[in-house]
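Enquirer: This is input24.txt, which holds compact mmCIF, C-alpha atoms:
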```
# COMPACT_ATOMS: atom_id res chain seq x y z
CA MET X 1 117.87 139.98 97.00
CA GLN X 2 119.30 136.71 95.66
CA GLN X 3 120.63 134.17 98.13
CA ILE X 4 122.99 131.31 97.26
CA LEU X 5 123.55 128.47 99.74
CA SER X 6 126.18 125.75 99.36
CA LEU X 7 125.92 122.27 100.88
CA ASN X 8 128.11 123.53 103.72
CA ASP X 9 125.83 126.52 104.33
CA ILE X 10 122.82 124.16 104.46
CA LEU X 11 124.52 121.77 106.91
CA LYS X 12 125.42 124.71 109.18
CA LEU X 13 121.81 125.95 109.45
CA ASP X 14 120.04 125.20 112.70
CA LYS X 15 117.98 122.01 112.50
CA ILE X 16 114.48 123.56 112.27
CA LYS X 17 115.57 126.05 109.63
CA ARG X 18 117.24 123.32 107.56
CA ILE X 19 114.19 121.03 107.82
CA ASN X 20 111.80 123.83 106.78
CA LEU X 21 114.04 124.87 103.89
CA VAL X 22 114.74 121.44 102.42
CA ASN X 23 111.11 120.37 102.82
CA SER X 24 110.06 123.43 100.77
CA LEU X 25 112.47 122.71 97.91
CA SER X 26 110.76 119.75 96.24
CA GLY X 27 107.76 121.95 95.40
CA PHE X 28 104.14 121.24 96.30
CA LYS X 29 103.58 117.81 97.82
CA SER X 30 100.69 115.37 97.78
CA ALA X 31 98.62 115.06 100.99
CA ASN X 32 97.51 111.55 101.85
CA LEU X 33 96.47 109.52 104.89
CA ILE X 34 97.87 105.98 104.94
CA GLY X 35 95.69 103.50 106.81
CA THR X 36 96.96 100.17 108.14
CA THR X 37 96.27 97.56 110.82
CA SER X 38 98.74 95.62 112.90
CA LYS X 39 98.62 91.82 112.97
CA ILE X 40 96.50 92.09 116.14
CA LYS X 41 94.06 94.33 114.18
CA LYS X 42 95.01 97.63 115.85
CA GLU X 43 94.33 100.41 113.34
CA ASN X 44 96.86 103.11 112.46
CA LEU X 45 96.51 106.26 110.39
CA ALA X 46 99.29 108.66 109.42
CA ILE X 47 99.71 111.60 107.07
CA PHE X 48 102.30 111.35 104.28
CA SER X 49 103.46 114.02 101.83
CA SER X 50 105.68 111.74 99.76
CA VAL X 51 103.20 109.63 97.76
CA ILE X 52 104.05 109.63 94.04
CA HIS X 53 102.83 107.95 90.87
CA VAL X 54 105.12 105.04 89.92
CA GLY X 55 103.26 103.58 86.95
CA SER X 56 99.86 102.89 85.47
CA ASP X 57 100.33 99.38 83.98
CA PRO X 58 100.37 97.78 86.48
CA PRO X 59 98.94 100.63 88.59
CA LEU X 60 101.60 101.51 91.20
CA LEU X 61 102.08 104.23 93.81
CA GLY X 62 105.15 104.74 96.00
CA PHE X 63 106.04 106.68 99.15
CA LEU X 64 108.97 107.27 101.45
CA VAL X 65 108.99 106.17 105.12
CA ARG X 66 111.45 107.02 107.88
CA PRO X 67 111.69 103.77 109.86
CA ASN X 68 114.48 105.03 112.07
CA LYS X 69 112.04 107.28 113.94
CA PRO X 70 110.68 105.96 117.23
CA VAL X 71 107.15 105.76 115.77
CA ARG X 72 106.94 103.69 112.58
CA HIS X 73 103.65 101.86 112.81
CA THR X 74 102.73 102.37 109.16
CA TYR X 75 105.81 100.56 107.87
CA THR X 76 105.65 97.76 110.45
CA ASN X 77 101.96 97.17 109.73
CA ILE X 78 102.49 97.08 105.96
CA LYS X 79 105.25 94.51 106.40
CA GLN X 80 103.04 92.43 108.72
CA THR X 81 99.82 92.50 106.70
CA GLY X 82 100.95 93.20 103.14
CA ILE X 83 98.25 95.83 102.55
CA PHE X 84 97.52 99.52 103.15
CA THR X 85 95.20 102.29 102.04
CA ILE X 86 95.93 105.75 100.64
CA ASN X 87 93.20 108.35 101.22
CA HIS X 88 93.24 111.93 99.89
CA VAL X 89 93.32 114.74 102.45
CA CYS X 90 90.78 117.46 101.63
CA SER X 91 89.63 120.80 103.06
CA LYS X 92 87.19 119.14 105.49
CA THR X 93 89.74 116.73 106.94
CA PHE X 94 93.11 118.49 106.87
CA ASN X 95 93.08 119.59 110.53
CA ASP X 96 92.52 116.02 111.70
CA ALA X 97 94.87 114.69 109.03
CA HIS X 98 97.68 116.97 110.23
CA HIS X 99 97.08 115.85 113.82
CA THR X 100 97.94 112.25 112.87
CA SER X 101 101.57 113.44 112.73
CA ALA X 102 101.55 113.51 116.58
CA LYS X 103 103.50 110.59 118.01
CA TYR X 104 100.95 108.29 119.63
CA PRO X 105 101.96 104.97 121.19
CA GLU X 106 101.12 101.76 119.37
CA ASP X 107 98.05 100.97 121.49
CA ILE X 108 96.28 104.20 120.51
CA SER X 109 94.76 104.55 117.05
CA GLU X 110 94.71 107.96 115.38
CA PHE X 111 91.12 107.17 114.42
CA GLU X 112 90.25 107.39 118.16
CA LYS X 113 91.95 110.78 118.54
CA THR X 114 90.41 112.50 115.50
CA ASN X 115 87.03 112.76 113.77
CA LEU X 116 88.29 110.51 110.98
CA THR X 117 86.34 107.23 110.70
CA PRO X 118 87.69 103.82 109.68
CA GLU X 119 85.68 102.25 106.87
CA TYR X 120 86.10 98.76 105.44
CA ASN X 121 85.35 97.34 102.05
CA LYS X 122 84.49 93.66 102.36
CA SER X 123 87.23 92.53 100.00
CA PHE X 124 90.00 94.53 101.69
CA LEU X 125 91.26 94.30 105.28
CA ALA X 126 93.04 97.67 105.80
CA PRO X 127 90.98 100.67 106.95
CA PHE X 128 89.96 103.39 104.50
CA VAL X 129 89.13 106.90 105.73
CA LYS X 130 85.36 107.27 105.40
CA GLU X 131 85.58 111.07 105.02
CA SER X 132 87.95 110.88 102.01
CA SER X 133 86.24 110.98 98.63
CA ILE X 134 89.23 109.35 96.89
CA LYS X 135 90.30 106.08 98.57
CA ILE X 136 92.82 103.56 97.28
CA GLY X 137 93.57 100.04 98.55
CA LEU X 138 97.09 98.73 97.81
CA SER X 139 99.16 95.60 98.24
CA PHE X 140 102.86 95.80 99.14
CA LYS X 141 105.05 95.11 96.09
CA GLU X 142 108.65 96.07 96.90
CA GLU X 143 110.84 98.28 99.08
CA HIS X 144 114.18 99.98 98.55
CA LYS X 145 116.41 101.17 101.35
CA ILE X 146 117.86 104.61 100.60
CA SER X 147 121.33 104.10 102.02
CA SER X 148 122.15 107.84 102.11
CA ASN X 149 119.78 108.36 105.06
CA ASN X 150 118.21 104.99 105.96
CA THR X 151 114.76 105.85 104.68
CA ILE X 152 112.74 103.33 102.67
CA PHE X 153 110.91 103.81 99.37
CA VAL X 154 107.83 101.56 99.43
CA VAL X 155 105.96 100.58 96.25
CA GLY X 156 102.38 99.30 96.34
CA GLN X 157 100.06 97.99 93.66
CA ILE X 158 96.57 99.47 93.47
CA GLU X 159 94.02 96.72 94.15
CA LEU X 160 90.92 98.85 94.70
CA ILE X 161 89.80 102.43 94.00
CA ILE X 162 86.75 103.90 95.75
CA LEU X 163 85.55 107.20 94.29
CA ASN X 164 82.65 109.30 95.54
CA LYS X 165 81.61 110.11 91.98
CA LYS X 166 81.60 108.40 88.64
CA LEU X 167 84.84 108.48 86.66
CA GLU X 168 84.97 111.00 83.77
CA LYS X 169 85.20 109.70 80.21
CA ASP X 170 88.97 110.20 79.84
CA GLY X 171 89.82 108.99 83.35
CA PHE X 172 91.16 112.37 84.60
CA ILE X 173 90.06 113.29 88.12
CA ASP X 174 89.92 117.06 88.68
CA LEU X 175 91.33 117.20 92.21
CA THR X 176 90.05 120.77 92.76
CA GLU X 177 86.45 119.49 92.60
CA ASN X 178 87.39 117.17 95.45
CA ASN X 179 89.09 119.98 97.44
CA THR X 180 92.19 117.77 97.66
CA ALA X 181 94.97 119.41 99.70
CA THR X 182 98.56 120.06 98.72
CA ILE X 183 101.36 120.52 101.26
CA ASN X 184 104.08 123.22 101.27
CA GLY X 185 107.04 122.22 103.44
CA LEU X 186 106.10 120.33 106.59
CA SER X 187 103.24 122.47 107.78
CA GLY X 188 101.58 124.53 105.01
CA TYR X 189 98.27 123.42 103.48
CA SER X 190 96.57 124.80 100.38
CA PHE X 191 93.62 123.77 98.23
CA PRO X 192 94.38 124.46 94.56
CA LYS X 193 91.68 125.88 92.27
CA ASN X 194 91.33 126.47 88.50
CA ILE X 195 93.16 123.59 86.85
CA GLU X 196 94.37 124.40 83.33
CA ARG X 197 94.75 121.25 81.24
CA LYS X 198 97.42 121.29 78.56
CA PRO X 199 97.44 119.10 75.44
CA TYR X 200 99.92 116.28 74.77
CA GLN X 201 103.12 117.86 73.38
CA ARG X 202 104.87 116.97 70.12
CA PRO X 203 108.13 118.47 68.78
CA LYS X 204 107.61 121.79 66.99
CA MET F 1 77.28 108.19 92.56
CA GLN F 2 80.09 106.09 94.10
CA GLN F 3 82.30 104.05 91.80
CA ILE F 4 84.47 101.12 92.89
CA LEU F 5 87.18 99.76 90.58
CA SER F 6 89.13 96.56 91.20
CA LEU F 7 92.63 95.90 89.83
CA ASN F 8 90.98 93.94 87.02
CA ASP F 9 88.67 96.84 86.19
CA ILE F 10 91.70 99.18 86.03
CA LEU F 11 93.68 96.83 83.78
CA LYS F 12 90.70 96.56 81.41
CA LEU F 13 90.39 100.36 80.94
CA ASP F 14 91.70 101.70 77.66
CA LYS F 15 95.28 102.95 77.94
CA ILE F 16 94.63 106.73 77.95
CA LYS F 17 91.84 106.41 80.51
CA ARG F 18 94.00 104.22 82.77
CA ILE F 19 96.98 106.61 82.51
CA ASN F 20 94.82 109.65 83.32
CA LEU F 21 93.14 107.89 86.23
CA VAL F 22 96.24 106.44 87.91
CA ASN F 23 98.19 109.69 87.42
CA SER F 24 95.41 111.55 89.27
CA LEU F 25 95.39 109.18 92.24
CA SER F 26 98.60 110.20 94.01
CA GLY F 27 97.18 113.69 94.63
CA PHE F 28 98.79 116.96 93.60
CA LYS F 29 102.32 116.60 92.24
CA SER F 30 105.39 118.81 92.28
CA ALA F 31 106.33 120.58 89.02
CA ASN F 32 110.04 120.77 88.30
CA LEU F 33 112.36 121.12 85.34
CA ILE F 34 115.44 118.89 85.51
CA GLY F 35 118.46 120.32 83.67
CA THR F 36 121.43 118.20 82.57
CA THR F 37 124.21 118.09 80.00
CA SER F 38 125.59 115.11 78.11
CA LYS F 39 129.29 114.30 78.23
CA ILE F 40 129.66 116.26 74.98
CA LYS F 41 128.01 119.27 76.73
CA LYS F 42 124.65 119.07 74.93
CA GLU F 43 122.04 120.54 77.28
CA ASN F 44 118.77 118.80 78.10
CA LEU F 45 115.73 120.01 80.01
CA ALA F 46 112.69 117.93 80.97
CA ILE F 47 109.65 118.38 83.18
CA PHE F 48 109.14 115.93 86.07
CA SER F 49 106.17 115.60 88.42
CA SER F 50 107.75 112.98 90.70
CA VAL F 51 110.33 114.98 92.69
CA ILE F 52 109.98 114.34 96.45
CA HIS F 53 111.78 115.27 99.65
CA VAL F 54 114.00 112.39 100.81
CA GLY F 55 115.75 113.98 103.79
CA SER F 56 117.20 117.19 105.15
CA ASP F 57 120.42 115.95 106.84
CA PRO F 58 122.07 115.41 104.42
CA PRO F 59 119.75 117.37 102.13
CA LEU F 60 118.33 114.89 99.59
CA LEU F 61 115.68 114.94 96.87
CA GLY F 62 114.53 111.99 94.77
CA PHE F 63 112.53 111.44 91.59
CA LEU F 64 111.35 108.62 89.35
CA VAL F 65 112.54 108.16 85.76
CA ARG F 66 111.22 105.82 83.05
CA PRO F 67 114.40 104.71 81.29
CA ASN F 68 112.56 102.22 79.10
CA LYS F 69 111.07 105.04 77.04
CA PRO F 70 112.81 105.89 73.77
CA VAL F 71 113.79 109.32 75.10
CA ARG F 72 115.72 109.20 78.36
CA HIS F 73 118.34 111.91 78.10
CA THR F 74 117.92 113.10 81.67
CA TYR F 75 118.86 109.74 83.17
CA THR F 76 121.71 109.08 80.72
CA ASN F 77 123.16 112.55 81.32
CA ILE F 78 122.97 112.20 85.11
CA LYS F 79 124.80 108.88 84.92
CA GLN F 80 127.45 110.40 82.63
CA THR F 81 128.10 113.65 84.50
CA GLY F 82 127.00 112.89 88.07
CA ILE F 83 125.10 116.17 88.42
CA PHE F 84 121.73 117.75 87.60
CA THR F 85 119.57 120.74 88.49
CA ILE F 86 115.99 120.94 89.74
CA ASN F 87 114.16 124.19 88.93
CA HIS F 88 110.64 125.09 90.08
CA VAL F 89 108.00 125.57 87.38
CA CYS F 90 105.93 128.71 87.97
CA SER F 91 103.06 130.58 86.34
CA LYS F 92 105.35 132.41 83.89
CA THR F 93 107.11 129.27 82.66
CA PHE F 94 104.57 126.44 82.77
CA ASN F 95 103.67 126.57 79.07
CA ASP F 96 107.31 126.17 78.05
CA ALA F 97 107.91 123.71 80.89
CA HIS F 98 105.06 121.49 79.69
CA HIS F 99 106.43 121.61 76.14
CA THR F 100 109.67 119.94 77.31
CA SER F 101 107.60 116.72 77.52
CA ALA F 102 107.69 116.55 73.68
CA LYS F 103 110.09 113.88 72.46
CA TYR F 104 113.02 115.71 70.88
CA PRO F 105 116.04 113.83 69.52
CA GLU F 106 119.29 113.95 71.48
CA ASP F 107 120.89 116.63 69.28
CA ILE F 108 118.16 119.18 70.02
CA SER F 109 118.07 120.96 73.38
CA GLU F 110 114.69 121.89 74.86
CA PHE F 111 116.32 125.24 75.74
CA GLU F 112 116.45 125.95 71.95
CA LYS F 113 112.79 125.08 71.48
CA THR F 114 111.37 127.16 74.36
CA ASN F 115 111.88 130.58 75.94
CA LEU F 116 113.66 128.96 78.88
CA THR F 117 117.28 130.06 79.25
CA PRO F 118 120.23 127.99 80.49
CA GLU F 119 122.13 129.70 83.31
CA TYR F 120 125.37 128.52 84.91
CA ASN F 121 126.80 129.06 88.35
CA LYS F 122 130.58 128.98 88.21
CA SER F 123 130.92 126.17 90.71
CA PHE F 124 128.37 123.91 89.03
CA LEU F 125 128.41 122.45 85.52
CA ALA F 126 124.74 121.52 84.90
CA PRO F 127 122.37 124.18 83.51
CA PHE F 128 119.89 125.96 85.77
CA VAL F 129 116.74 127.55 84.34
CA LYS F 130 117.28 131.31 84.52
CA GLU F 131 113.53 132.04 84.70
CA SER F 132 113.03 129.84 87.80
CA SER F 133 113.22 131.67 91.11
CA ILE F 134 114.01 128.48 93.04
CA LYS F 135 116.96 126.57 91.56
CA ILE F 136 118.74 123.57 93.07
CA GLY F 137 122.01 121.93 92.02
CA LEU F 138 122.39 118.24 92.96
CA SER F 139 124.92 115.45 92.76
CA PHE F 140 123.87 111.88 91.98
CA LYS F 141 123.88 109.72 95.14
CA GLU F 142 122.10 106.45 94.44
CA GLU F 143 119.50 104.77 92.23
CA HIS F 144 117.02 101.97 92.79
CA LYS F 145 115.42 99.95 90.04
CA ILE F 146 111.71 99.41 90.67
CA SER F 147 111.40 95.85 89.43
CA SER F 148 107.59 95.99 89.19
CA ASN F 149 107.77 98.25 86.12
CA ASN F 150 111.46 98.90 85.31
CA THR F 151 111.41 102.53 86.43
CA ILE F 152 114.28 103.96 88.48
CA PHE F 153 114.14 106.02 91.67
CA VAL F 154 117.09 108.44 91.61
CA VAL F 155 118.37 110.18 94.76
CA GLY F 156 120.49 113.33 94.60
CA GLN F 157 122.23 115.39 97.25
CA ILE F 158 121.64 119.15 97.24
CA GLU F 159 124.96 120.91 96.58
CA LEU F 160 123.67 124.41 95.81
CA ILE F 161 120.46 126.40 96.30
CA ILE F 162 119.86 129.63 94.36
CA LEU F 163 116.88 131.66 95.61
CA ASN F 164 115.59 134.93 94.15
CA LYS F 165 114.92 136.29 97.62
CA LYS F 166 116.46 136.06 101.04
CA LEU F 167 115.54 133.02 103.14
CA GLU F 168 112.93 133.65 105.89
CA LYS F 169 113.98 133.29 109.53
CA ASP F 170 112.56 129.79 110.02
CA GLY F 171 113.68 128.51 106.60
CA PHE F 172 110.13 127.99 105.26
CA ILE F 173 109.63 129.09 101.64
CA ASP F 174 106.04 130.12 100.88
CA LEU F 175 105.69 128.60 97.41
CA THR F 176 102.57 130.67 96.64
CA GLU F 177 104.67 133.87 96.71
CA ASN F 178 106.82 132.25 94.03
CA ASN F 179 103.74 131.19 91.97
CA THR F 180 105.14 127.64 91.99
CA ALA F 181 102.95 125.24 89.97
CA THR F 182 101.42 121.97 91.05
CA ILE F 183 100.37 119.24 88.60
CA ASN F 184 97.10 117.27 88.56
CA GLY F 185 97.42 114.05 86.58
CA LEU F 186 99.59 114.34 83.47
CA SER F 187 98.26 117.57 82.08
CA GLY F 188 96.57 119.82 84.68
CA TYR F 189 98.41 122.82 86.13
CA SER F 190 97.37 124.96 89.09
CA PHE F 191 99.01 127.70 91.17
CA PRO F 192 98.02 127.29 94.83
CA LYS F 193 97.19 130.37 96.93
CA ASN F 194 96.59 131.04 100.63
CA ILE F 195 98.85 128.65 102.50
CA GLU F 196 97.63 127.85 106.02
CA ARG F 197 100.50 126.81 108.29
CA LYS F 198 99.69 124.35 111.06
CA PRO F 199 101.69 123.96 114.28
CA TYR F 200 103.78 120.91 115.21
CA GLN F 201 101.41 118.27 116.64
CA ARG F 202 101.70 116.53 120.00
CA PRO F 203 99.39 113.81 121.39
CA LYS F 204 96.22 115.21 123.01
```
Please express the file's structure as structure tokens.
Expert:
Amino acid sequence: MQQILSLNDILKLDKIKRINLVNSLSGFKSANLIGTTSKIKKENLAIFSSVIHVGSDPPLLGFLVRPNKPVRHTYTNIKQTGIFTINHVCSKTFNDAHHTSAKYPEDISEFEKTNLTPEYNKSFLAPFVKESSIKIGLSFKEEHKISSNNTIFVVGQIELIILNKKLEKDGFIDLTENNTATINGLSGYSFPKNIERKPYQRPK
Amino acid sequence: MQQILSLNDILKLDKIKRINLVNSLSGFKSANLIGTTSKIKKENLAIFSSVIHVGSDPPLLGFLVRPNKPVRHTYTNIKQTGIFTINHVCSKTFNDAHHTSAKYPEDISEFEKTNLTPEYNKSFLAPFVKESSIKIGLSFKEEHKISSNNTIFVVGQIELIILNKKLEKDGFIDLTENNTATINGLSGYSFPKNIERKPYQRPK
């Protein structure tokens, strides 16, 4: 049975139902852990489902943060230190990764509360997640305040990529080989299989 | 064998290899068709892998456009008409959806060149994709120019949701039941199965 909802219908839904619905509507989301440290070197790790590709020359990724929430260590740390890491969530780590969404106070690191391990690369001062097989170090480039709801779109430049295997000839990384997770809504995890690659399209 | 690439290493890669690599790094992407019309009512349809959830109250989605490319009908049409649709790509439509990435001139609609069918809801003047079972009508809210690479992050407010089945009690839409696609890099399509839903997390 078809169902049509207007903006008014959506606004009248109870909060949990509206959050679950709207979070399902963008389609499958990326699953990444963002690692940061505060200026007093306290580590923080948080799961994000909003990381997107912004460009490849220069190499840029972006993500959305909600700084109006009581807990916003990721954003504060990025602004203080200028750097952060993005680490793929995979089948082995998704339980711990999801747990980083719990609201811990600033003096407790999510690394202490999970089996995820901070790992440093000598040239880069934000913590990577040792258990991730695709790890990216970024520098803060710019931010844009979304005035409609006071969220912030953050753009970072890729400074370092750490891969657990050698890059294929054409640069494509088959994320299914890495068991990279995808997120459905706020709470659903899946591990896609059987990638079908399509050729570059020209008008027919 | 581990591989570490610095920003310099990435910039020195040949263009195709760099594009494939950086497009794989954000993780799995959403797969959506954005439908628009020009002010002279010429329809346009284009696939986007950058749609993300921006907020649920008000309900907002955002996506990134590259207006510096020769073909940019989606952005121009949104600015002219103030509205657009987002339609999930699924297993039945992904071949045609991927073909919309071919660069057609302004006077040719991708609806004419594929088996995708424009569908209108009386209250909304941008075309939905009939074959999509999750269709969203949005109004333009705000845009932010990413100065690092001249792309634009566009935010729209959800005005209308058209679902092929009745909404579940808690609002969650299991995207695997809909065979919604996810995109790996620029060219890889997969259809996730077996969603595992995790509970809301509290500190332990």
Enquirer: Applying 8 Å and all atoms listed in the file, which residues near His73 (chain F) remain after dropping the ones on its own chain fewer than 2 positions away? List them as a count of residues only.
Expert: 7
Enquirer: Using only C-alpha atoms, what residues lie at most 10 Å away from (107.5, 129.8, 83.7) (file coordinates), given as an MDAnalysis selection string?
Expert: chainID F and resid 88:98 115:116 129:133 179:181
Enquirer: If you measure from CA of Asn32 (chain X) to CA of Leu61 (chain X), what distance in Å do you get, rounded to one decimal?
Expert: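 Distance between the two atoms: 11.8 Å.
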Enquirer: Write out as a ChimeraX atom specification which residues come within 8 Å of Ser49 (chain F) when counting only C-alpha atoms, dropping same-chain ones fewer than 6 positions away.
Expert: /F:29-32,183
Enquirer: Would you mind telling me which residue in X:Arg66, X:Arg202, X:Gly185, X:Thr74 lies nearest to Asn150 (chain X) when using all atoms listed in the file?
Expert: X:Arg66
Enquirer: Check the smallest atom-to-atom distance from each of X:Glu196, X:Glu110, X:Asp174, X:Glu143 to Pro127 (chain X) using only C-alpha atoms, then report the winner.
Expert: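 The closest residue to Pro127 (chain X) is X:Glu110.
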Enquirer: So what do you get for CA of Gln3 (chain F) versus CA of Ile47 (chain X), distance-wise?
Expert: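 According to the coordinates, CA of Gln3 (chain F) and CA of Ile47 (chain X) are separated by 24.4 Å.
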Enquirer: Could you check the closest approach to chain X for each of F:Gly82, F:Gly156, F:Pro118, F:Gly188 and tell me which residue wins, using only C-alpha atoms?
Expert: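 Of F:Gly82, F:Gly156, F:Pro118, F:Gly188, the one nearest chain X is F:Gly188, counting only C-alpha atoms.
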Enquirer: Work out how far CA of Thr81 (chain F) is from CA of Val155 (chain F), in Å to one decimal.
Expert: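 CA of Thr81 (chain F) lies 14.6 Å from CA of Val155 (chain F).
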Enquirer: Show which residues sit within 10 Å of Leu25 (chain F), as a list in words. Count all atoms listed in the file, and ignore same-chain residues fewer than 5 positions away.
Expert: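 The neighbour list is Ser30, Val51, Ile52, His53, Pro59, Leu60, Leu61, Ile86, Asn87, His88, Ile134, Lys135, Ile136, Ile158, Ile161, Phe172, Ile173 and Leu175 of chain X; Asn20, Asn184 and Gly185 of chain F.
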Enquirer: Just checking: using all atoms listed in the file, which residue out of X:Thr37, X:Ser123, X:Ser190, X:Asn178 ends up closest to chain F?
Expert: X:Ser190
Enquirer: Please, which residues are within 10 Å of (116.4, 104.4, 99.5) by the file's coordinates, counting all atoms listed in the file, and could they come as a count of residues only?
Expert: 22
Enquirer: Closest to chain X among F:Lys122, F:Lys17, F:Lys79, F:Lys41, using all atoms listed in the file?
Expert: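 Between F:Lys122, F:Lys17, F:Lys79, F:Lys41, the residue approaching chain X most closely is F:Lys17.
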Enquirer: From the set F:Ser101, F:Thr85, F:Ser24, F:Ser109, which residue has the shortest atom-to-atom contact distance to Glu43 (chain F), counting all atoms listed in the file?
Expert: F:Ser109
